[in-house]
$ cat model.cif   # mmCIF, C-alpha atoms and all ligand atoms
data_coords
loop_
_atom_site.label_atom_id
_atom_site.label_comp_id
_atom_site.auth_asym_id
_atom_site.auth_seq_id
_atom_site.Cartn_x
_atom_site.Cartn_y
_atom_site.Cartn_z
CA MET A 18 -13.80 35.00 -189.66
CA PRO A 19 -15.72 32.11 -191.25
CA THR A 20 -13.85 30.01 -193.78
CA VAL A 21 -14.92 30.69 -197.35
CA LEU A 22 -15.39 27.31 -198.92
CA SER A 23 -15.32 26.62 -202.60
CA CYS A 24 -16.50 23.53 -204.50
CA PRO A 25 -13.71 21.05 -205.35
CA LEU A 26 -15.41 20.26 -208.68
CA CYS A 27 -16.76 23.53 -210.13
CA SER A 28 -15.08 26.10 -207.79
CA SER A 29 -18.45 27.70 -206.96
CA LYS A 30 -18.72 29.52 -203.63
CA ASN A 31 -22.44 28.72 -203.55
CA VAL A 32 -22.15 25.92 -200.98
CA SER A 33 -24.39 24.87 -198.05
CA LEU A 34 -23.80 23.00 -194.82
CA ILE A 35 -25.60 19.64 -194.81
CA HIS A 36 -24.13 17.90 -191.75
CA LYS A 37 -22.38 19.17 -188.62
CA GLY A 38 -19.29 17.15 -187.70
CA VAL A 39 -18.00 13.81 -188.98
CA ARG A 40 -17.73 10.61 -186.93
CA ASP A 41 -14.10 11.08 -185.92
CA ASN A 42 -13.88 14.89 -185.86
CA SER A 43 -16.52 17.35 -184.62
CA ASP A 44 -14.64 20.29 -186.23
CA ILE A 45 -15.17 19.01 -189.76
CA ASP A 46 -18.55 19.54 -191.45
CA VAL A 47 -20.11 18.25 -194.66
CA TYR A 48 -21.10 20.69 -197.42
CA ILE A 49 -22.91 20.43 -200.74
CA CYS A 50 -22.28 22.61 -203.79
CA GLN A 51 -25.58 24.15 -204.89
CA ASP A 52 -24.32 24.46 -208.46
CA CYS A 53 -22.97 20.97 -209.21
CA ASN A 54 -24.35 18.96 -206.25
CA ILE A 55 -21.04 17.47 -205.10
CA LYS A 56 -20.64 16.82 -201.34
CA PHE A 57 -17.34 17.55 -199.64
CA LEU A 58 -15.76 18.19 -196.25
CA SER A 59 -15.03 21.64 -194.84
CA LYS A 60 -11.46 20.57 -194.03
CA PHE A 61 -9.22 18.11 -195.78
CA ASN A 62 -7.21 16.59 -192.94
CA HIS A 63 -4.05 14.71 -193.70
CA ASN A 64 -4.41 11.13 -192.52
CA ASP A 65 -1.25 9.13 -192.07
CA TYR A 66 -1.73 6.45 -194.73
CA GLU A 67 2.03 5.87 -194.77
CA ALA A 68 1.87 4.62 -191.16
CA GLY A 69 -1.10 2.33 -191.74
CA PHE A 70 -4.15 4.56 -191.22
CA MET A 71 -6.28 2.17 -193.30
CA HIS A 72 -5.60 -0.91 -191.24
CA LEU A 73 -6.13 0.47 -187.78
CA SER A 74 -8.94 -1.40 -186.08
CA THR A 75 -11.64 0.48 -184.13
CA ASN A 76 -9.69 0.42 -180.85
CA THR A 77 -6.71 1.88 -182.79
CA ALA A 78 -4.69 -1.33 -182.41
CA LYS A 79 -3.11 -2.26 -185.72
CA LEU A 80 -4.51 -5.25 -187.56
CA SER A 81 -2.10 -7.80 -188.99
CA PRO A 82 -2.04 -8.19 -192.78
CA GLN A 83 -3.96 -11.48 -192.42
CA GLU A 84 -6.62 -9.90 -190.18
CA HIS A 85 -7.05 -7.00 -192.57
CA LEU A 86 -7.22 -9.28 -195.62
CA LYS A 87 -9.91 -11.33 -193.87
CA LEU A 88 -12.02 -8.18 -193.36
CA CYS A 89 -11.71 -7.25 -197.05
CA GLU A 90 -12.17 -10.79 -198.39
CA GLU A 91 -15.76 -10.43 -199.60
CA ASP A 92 -15.09 -7.15 -201.45
CA ASP A 93 -11.82 -8.45 -202.93
CA GLU A 94 -13.52 -11.59 -204.27
CA ARG A 95 -16.47 -9.60 -205.68
CA ARG A 96 -14.11 -7.11 -207.38
CA TYR A 97 -12.14 -10.00 -208.84
CA GLN A 98 -15.34 -11.53 -210.26
CA MET A 99 -16.52 -8.15 -211.60
CA THR A 100 -13.23 -7.28 -213.34
CA LYS A 101 -11.62 -10.57 -214.37
CA LYS A 102 -12.90 -10.27 -217.95
CA GLU A 103 -11.36 -6.78 -218.43
CA CYS A 104 -8.11 -7.90 -216.76
CA SER A 105 -7.67 -11.18 -218.59
CA SER A 106 -4.15 -11.29 -220.16
CA ARG A 107 -3.68 -7.55 -219.43
CA ASN A 108 -1.23 -5.44 -217.42
CA VAL A 109 -3.14 -4.36 -214.33
CA LEU A 110 -2.31 -1.72 -211.73
CA ASP A 111 -4.35 -1.48 -208.51
CA PHE A 112 -4.00 2.08 -207.20
CA GLY A 113 -4.36 2.10 -203.39
CA CYS A 114 -4.05 -1.67 -203.21
CA GLY A 115 -3.71 -2.13 -199.43
CA PHE A 116 -2.43 -5.61 -198.60
CA GLY A 117 -3.34 -6.78 -202.10
CA GLY A 118 -6.38 -9.00 -201.54
CA TYR A 119 -7.57 -8.01 -205.02
CA LEU A 120 -4.12 -8.27 -206.65
CA SER A 121 -3.47 -11.75 -205.28
CA ARG A 122 -6.69 -12.86 -207.04
CA ILE A 123 -6.31 -10.95 -210.32
CA GLN A 124 -2.73 -12.28 -210.62
CA ALA A 125 -4.27 -15.58 -211.79
CA VAL A 126 -5.83 -14.09 -214.95
CA SER A 127 -3.76 -10.96 -215.70
CA ASP A 128 -0.58 -10.97 -217.73
CA TYR A 129 1.13 -8.88 -215.06
CA CYS A 130 -0.19 -7.02 -212.04
CA ALA A 131 1.24 -4.49 -209.61
CA GLY A 132 0.16 -2.04 -206.95
CA VAL A 133 0.54 1.50 -205.66
CA GLU A 134 0.19 1.98 -201.93
CA LEU A 135 1.24 4.67 -199.45
CA GLY A 136 1.30 2.32 -196.44
CA HIS A 137 4.85 1.03 -196.06
CA GLU A 138 3.84 -2.19 -194.26
CA GLU A 139 1.43 -2.98 -197.08
CA ARG A 140 4.18 -2.42 -199.66
CA GLU A 141 6.67 -4.58 -197.80
CA TYR A 142 4.10 -7.33 -197.35
CA LEU A 143 3.20 -7.43 -201.06
CA ASN A 144 6.78 -7.28 -202.29
CA SER A 145 7.61 -10.17 -199.92
CA LYS A 146 4.81 -12.13 -201.61
CA GLY A 147 6.30 -11.47 -205.06
CA ILE A 148 3.78 -8.78 -206.13
CA THR A 149 5.43 -5.49 -207.12
CA CYS A 150 4.12 -2.60 -205.09
CA LYS A 151 5.48 0.96 -205.19
CA ARG A 152 4.72 4.10 -203.26
CA GLU A 153 4.18 6.35 -206.27
CA ILE A 154 2.62 5.65 -209.65
CA ASP A 155 5.45 7.67 -211.26
CA GLU A 156 7.91 4.97 -210.18
CA TYR A 157 6.40 2.80 -212.95
CA GLU A 158 7.78 3.32 -216.43
CA GLU A 159 5.43 0.95 -218.26
CA LYS A 160 1.89 1.83 -219.36
CA PHE A 161 -0.97 -0.25 -218.00
CA ASP A 162 -4.00 -1.73 -219.80
CA VAL A 163 -6.18 -1.54 -216.70
CA ILE A 164 -5.93 0.70 -213.63
CA THR A 165 -8.32 0.05 -210.75
CA LEU A 166 -9.24 2.41 -207.89
CA PHE A 167 -11.42 0.66 -205.32
CA HIS A 168 -12.65 3.11 -202.68
CA VAL A 169 -9.67 5.38 -203.26
CA LEU A 170 -10.88 8.45 -205.16
CA GLU A 171 -13.00 9.72 -202.24
CA HIS A 172 -9.79 9.91 -200.15
CA LEU A 173 -7.97 12.15 -202.66
CA GLU A 174 -7.75 15.90 -202.15
CA ALA A 175 -7.14 16.81 -205.80
CA PRO A 176 -8.85 14.02 -207.76
CA GLN A 177 -8.57 15.74 -211.15
CA LEU A 178 -4.78 15.98 -210.82
CA TRP A 179 -4.54 12.32 -209.77
CA LEU A 180 -6.76 11.22 -212.65
CA GLN A 181 -4.54 13.17 -215.07
CA LYS A 182 -1.48 11.47 -213.62
CA ILE A 183 -3.14 8.05 -213.82
CA ALA A 184 -4.08 8.71 -217.46
CA LEU A 185 -0.38 9.21 -218.29
CA HIS A 186 0.27 5.65 -217.09
CA MET A 187 -2.41 4.07 -219.27
CA ARG A 188 -2.22 2.93 -222.85
CA TRP A 189 -4.79 4.23 -225.37
CA GLY A 190 -8.00 2.23 -225.11
CA GLY A 191 -7.06 1.02 -221.62
CA ARG A 192 -9.66 0.72 -218.88
CA LEU A 193 -10.01 2.78 -215.70
CA ILE A 194 -12.19 0.92 -213.18
CA ILE A 195 -13.51 2.97 -210.26
CA GLU A 196 -15.57 2.05 -207.24
CA VAL A 197 -16.62 4.69 -204.67
CA PRO A 198 -19.35 4.94 -202.02
CA ASN A 199 -22.53 6.55 -203.36
CA ALA A 200 -23.38 9.93 -201.80
CA ASP A 201 -26.98 9.19 -202.85
CA ASP A 202 -27.10 6.01 -200.68
CA ALA A 203 -30.78 5.29 -199.80
CA LEU A 204 -30.01 5.56 -196.08
CA LEU A 205 -28.92 9.17 -196.61
CA THR A 206 -31.20 10.50 -199.31
CA LEU A 207 -34.37 8.38 -199.21
CA TYR A 208 -34.62 7.37 -195.55
CA GLU A 209 -32.67 10.39 -194.25
CA ASN A 210 -31.38 8.24 -191.41
CA LYS A 211 -29.61 10.56 -188.95
CA ALA A 212 -27.71 7.76 -187.19
CA PHE A 213 -26.33 6.53 -190.51
CA ALA A 214 -25.29 10.05 -191.54
CA ASP A 215 -23.47 10.51 -188.21
CA PHE A 216 -21.75 7.16 -188.80
CA THR A 217 -20.88 7.34 -192.49
CA TYR A 218 -19.41 10.85 -192.75
CA TRP A 219 -15.73 10.43 -191.98
CA SER A 220 -12.66 12.69 -192.04
CA ALA A 221 -10.98 10.40 -194.59
CA HIS A 222 -13.74 10.67 -197.21
CA LEU A 223 -12.96 14.16 -198.46
CA ILE A 224 -15.25 14.24 -201.49
CA LEU A 225 -18.46 12.22 -201.82
CA TYR A 226 -19.66 11.29 -205.28
CA THR A 227 -22.94 10.54 -206.99
CA GLU A 228 -23.07 8.99 -210.46
CA GLU A 229 -23.38 12.47 -211.99
CA THR A 230 -20.64 14.21 -209.98
CA LEU A 231 -18.19 11.35 -210.50
CA LYS A 232 -18.93 11.42 -214.22
CA ARG A 233 -18.41 15.18 -214.34
CA MET A 234 -15.15 14.91 -212.37
CA ILE A 235 -13.72 12.26 -214.71
CA LEU A 236 -14.95 13.98 -217.91
CA SER A 237 -13.33 17.23 -216.76
CA THR A 238 -9.90 15.62 -217.26
CA GLY A 239 -10.60 15.14 -221.00
CA LYS A 240 -8.75 11.80 -220.84
CA PHE A 241 -11.55 9.26 -220.55
CA ARG A 242 -14.78 8.13 -222.21
CA PRO A 243 -17.50 6.27 -220.22
CA VAL A 244 -17.92 2.57 -220.98
CA ARG A 245 -20.12 1.42 -218.10
CA LEU A 246 -21.84 3.52 -215.41
CA ASP A 247 -23.26 1.16 -212.84
CA PHE A 248 -24.15 0.58 -209.19
CA TYR A 249 -23.70 -2.21 -206.68
CA GLN A 250 -25.35 -2.81 -203.30
CA ARG A 251 -22.85 -4.10 -200.72
CA TYR A 252 -25.14 -4.09 -197.68
CA PRO A 253 -28.38 -6.11 -197.69
CA LEU A 254 -31.96 -5.24 -196.78
CA ALA A 255 -31.45 -6.52 -193.19
CA ASN A 256 -28.71 -3.89 -192.71
CA HIS A 257 -31.05 -1.12 -193.85
CA LEU A 258 -33.96 -2.31 -191.68
CA TYR A 259 -31.68 -2.38 -188.64
CA TRP A 260 -30.49 1.18 -189.29
CA LEU A 261 -34.12 2.26 -189.50
CA ALA A 262 -35.16 0.30 -186.41
CA GLN A 263 -32.13 0.66 -184.13
CA GLY A 264 -29.88 3.28 -185.73
CA LYS A 265 -26.91 0.89 -185.71
CA PRO A 266 -24.69 -0.94 -188.20
CA GLY A 267 -24.36 -4.71 -188.51
CA GLY A 268 -28.05 -5.53 -189.06
CA GLN A 269 -27.20 -8.20 -191.63
CA HIS A 270 -26.01 -10.38 -188.72
CA VAL A 271 -29.01 -9.57 -186.49
CA PHE A 272 -32.04 -9.37 -188.77
CA ASN A 273 -30.72 -12.35 -190.71
CA ILE A 274 -34.23 -13.73 -191.31
CA PHE A 275 -34.23 -11.25 -194.23
CA ASN A 276 -31.06 -12.66 -195.79
CA GLU A 277 -33.08 -14.43 -198.50
CA PRO A 278 -31.41 -14.27 -201.93
CA ALA A 279 -34.66 -13.53 -203.84
CA LEU A 280 -35.64 -10.77 -201.40
CA SER A 281 -32.16 -9.19 -201.51
CA GLU A 282 -32.06 -9.39 -205.26
CA ALA A 283 -35.43 -7.66 -205.66
CA TYR A 284 -34.55 -4.94 -203.11
CA ASN A 285 -31.11 -4.33 -204.65
CA LYS A 286 -32.66 -4.10 -208.09
CA VAL A 287 -34.99 -1.29 -206.97
CA LEU A 288 -32.07 0.58 -205.34
CA LYS A 289 -30.03 0.25 -208.53
CA THR A 290 -32.87 1.48 -210.77
CA GLU A 291 -33.34 4.49 -208.50
CA LYS A 292 -29.54 5.07 -208.28
CA LEU A 293 -29.74 4.72 -204.48
CA SER A 294 -27.32 1.77 -204.08
CA ASP A 295 -24.46 2.17 -201.60
CA THR A 296 -21.72 1.74 -204.22
CA ILE A 297 -20.93 3.35 -207.58
CA TYR A 298 -19.07 1.20 -210.11
CA GLN A 299 -17.78 2.74 -213.32
CA ILE A 300 -15.55 1.69 -216.20
CA TRP A 301 -13.89 4.33 -218.39
CA GLU A 302 -11.78 4.07 -221.53
CA ARG A 303 -8.54 6.02 -221.91
CA VAL A 304 -8.88 8.22 -225.00
ZN ZN B 401 -19.72 22.64 -207.57
#
$ encode --input "model.cif" --output "structure tokens" --more "lines below"
Ligand SMILES: [Zn+2]
Amino acid sequence: MPTVLSCPLCSSKNVSLIHKGVRDNSDIDVYICQDCNIKFLSKFNHNDYEAGFMHLSTNTAKLSPQEHLKLCEEDDERRYQMTKKECSSRNVLDFGCGFGGYLSRIQAVSDYCAGVELGHEEREYLNSKGITCKREIDEYEEKFDVITLFHVLEHLEAPQLWLQKIALHMRWGGRLIIEVPNADDALLTLYENKAFADFTYWSAHLILYTEETLKRMILSTGKFRPVRLDFYQRYPLANHLYWLAQGKPGGQHVFNIFNEPALSEAYNKVLKTEKLSDTIYQIWERV
């Protein structure tokens, strides 16, 4: 008997298959809800985050904390620059903090910062560096001024419940800062690049958000008010051209003749205006 799927956002059964298989599991498909437009996987597999799922390298050998931090360096620094104003002299919690590349930067401007992380090696590493990191958000008794979720929400099976729980740990007027991949990425929706779709759909990204579906998900909790709904482009024009030409990642290192700041800026601006950037960035106020 076929599985009857229902939408994780609006519970509608009016859902359609949009992609067969994901890159690491041919038994998991990608669906879209015809009523609210959210994309989600047919099966929510349990990945072993506790044992370090997020820092396995491609050949399944584990990366050291230093190797993993090096890989995340650019994103950590960008997130620090984007959030340092909101975090200045505040209590900050990074939910799903990994090895703490962001926390080790925000520590310089925040009043206090801490993390939540399922991976036990990550927690041990951070605590050894003097940054408090716990497995569960409920282990914290204090309320935070800022809670950040960088590429975390798309991994969560019941995002509304998690957002409710997070809201309980925030003070009134506090800021929730969320970054997720954009399900309306130009490579998927404008260029309809098959190779990219085969590559980007992944068993760990259970629910895939657009600006609208993320907004609807967060508003449904009744705990937050939007402050800033924005986009960011992580991968440059050269990366997109290479996907279109060769169907492979890493084009920013190959077609690097296009890595001209003015060209990138103009291209990224068009993507942002059209809401086709690869990354959604939103700030919400706890109300
Ligand atoms: Zn729906």
$ residues_around --input "model.cif" --residues "Lys289 in chain A" --least-positions-apart "6" --cutoff "8 Å" --atoms "all atoms listed in the file" --output "JSON, numbers by chain"
{"A": [248, 249, 250]}
$ residues_near_ligand --input "model.cif" --ligand "ligand ZN 401 (chain B)" --cutoff "6 Å" --atoms "all atoms listed in the file" --output "PyMOL selection string"
chain A and resi 24+26-29+50+52-53+55
$ write_last_selection --input "model.cif" --atoms "C-alpha atoms" --output "tab-separated table (two decimals), keeping the file's coordinate frame"
chain	number	residue	atom	x	y	z
A	24	CYS	CA	-16.50	23.53	-204.50
A	26	LEU	CA	-15.41	20.26	-208.68
A	27	CYS	CA	-16.76	23.53	-210.13
A	28	SER	CA	-15.08	26.10	-207.79
A	29	SER	CA	-18.45	27.70	-206.96
A	50	CYS	CA	-22.28	22.61	-203.79
A	52	ASP	CA	-24.32	24.46	-208.46
A	53	CYS	CA	-22.97	20.97	-209.21
A	55	ILE	CA	-21.04	17.47	-205.10
$ residues_around --input "model.cif" --residues "range 173-190 of chain A" --least-positions-apart "2" --cutoff "8 Å" --atoms "all atoms listed in the file" --output "MDAnalysis selection string"
chainID A and resid 25 61 154 157:164 169:171 192 223:224 234:235 237:238 240 302:304
$ closest_residue --input "model.cif" --among "A:Ala279, A:Cys130, A:Val271, A:Cys114" --to "Gly147 in chain A" --atoms "all atoms listed in the file"
A:Cys130
$ residues_around --input "model.cif" --residues "Ser127 in chain A" --least-positions-apart "5" --cutoff "7 Å" --atoms "only C-alpha atoms" --output "MDAnalysis selection string"
chainID A and resid 104:109
$ residues_around --input "model.cif" --residues "Asn276 in chain A" --least-positions-apart "4" --cutoff "12 Å" --atoms "only C-alpha atoms" --output "ChimeraX atom specification"
/A:252-258,268-272,280-284
$ write_last_selection --input "model.cif" --atoms "C-alpha atoms" --output "compact mmCIF listing (two decimals), in the coordinates of the input"
# COMPACT_ATOMS: atom_id res chain seq x y z
CA TYR A 252 -25.14 -4.09 -197.68
CA PRO A 253 -28.38 -6.11 -197.69
CA LEU A 254 -31.96 -5.24 -196.78
CA ALA A 255 -31.45 -6.52 -193.19
CA ASN A 256 -28.71 -3.89 -192.71
CA HIS A 257 -31.05 -1.12 -193.85
CA LEU A 258 -33.96 -2.31 -191.68
CA GLY A 268 -28.05 -5.53 -189.06
CA GLN A 269 -27.20 -8.20 -191.63
CA HIS A 270 -26.01 -10.38 -188.72
CA VAL A 271 -29.01 -9.57 -186.49
CA PHE A 272 -32.04 -9.37 -188.77
CA LEU A 280 -35.64 -10.77 -201.40
CA SER A 281 -32.16 -9.19 -201.51
CA GLU A 282 -32.06 -9.39 -205.26
CA ALA A 283 -35.43 -7.66 -205.66
CA TYR A 284 -34.55 -4.94 -203.11
$ closest_residue --input "model.cif" --among "A:Gly118, A:Pro82, A:Gly113, A:Gly267" --to "Glu153 in chain A" --atoms "all atoms listed in the file"
A:Gly113
$ atom_distance --input "model.cif" --atom1 "CA of Tyr66 in chain A" --atom2 "CA of Ala203 in chain A"
29.5 Å
$ closest_residue --input "model.cif" --among "A:Ala262, A:Val47, A:Leu143, A:Ile300" --to "Gln83 in chain A" --atoms "all atoms listed in the file"
A:Leu143
$ residues_around --input "model.cif" --residues "Asp65 in chain A" --least-positions-apart "5" --cutoff "9 Å" --atoms "all atoms listed in the file" --output "PDB file with C-alpha atoms, in the coordinates of the input"
ATOM      1  CA  PHE A  70      -4.150   4.560-191.220  1.00  0.00           C
ATOM      2  CA  MET A  71      -6.280   2.170-193.300  1.00  0.00           C
ATOM      3  CA  LEU A 135       1.240   4.670-199.450  1.00  0.00           C
ATOM      4  CA  GLY A 136       1.300   2.320-196.440  1.00  0.00           C
TER       5      GLY A 136
END
$ closest_residue --input "model.cif" --among "A:Phe275, A:Ala221, A:Glu229, A:Asn199" --to "His63 in chain A" --atoms "all atoms listed in the file"
A:Ala221
$ atom_distance --input "model.cif" --atom1 "CA of Ile49 in chain A" --atom2 "CA of Phe112 in chain A"
27.1 Å
$ closest_residue --input "model.cif" --among "A:Ser81, A:Ile123, A:Glu156, A:Lys37" --to "Glu94 in chain A" --atoms "all atoms listed in the file"
A:Ile123
$ atom_distance --input "model.cif" --atom1 "CA of Tyr97 in chain A" --atom2 "CA of Arg122 in chain A"
6.4 Å
$ residues_near_point --input "model.cif" --point "(-20.1, 21.6, -189.8)" --cutoff "9 Å" --atoms "all atoms listed in the file" --output "PyMOL selection string"
chain A and resi 34-39+43-48+58-59
$ axis_aligned_box --input "model.cif" --around "range 277-282 of chain A" --padding-each-side "3 Å" --output "AutoDock Vina command-line options"
--center_x -33.5 --center_y -11.8 --center_z -201.9 --size_x 10.2 --size_y 11.2 --size_z 12.8
$ closest_residue --input "model.cif" --among "A:Ser33, A:Ser23, A:Asn285, A:Thr100" --to "Leu193 in chain A" --atoms "all atoms listed in the file"
A:Thr100
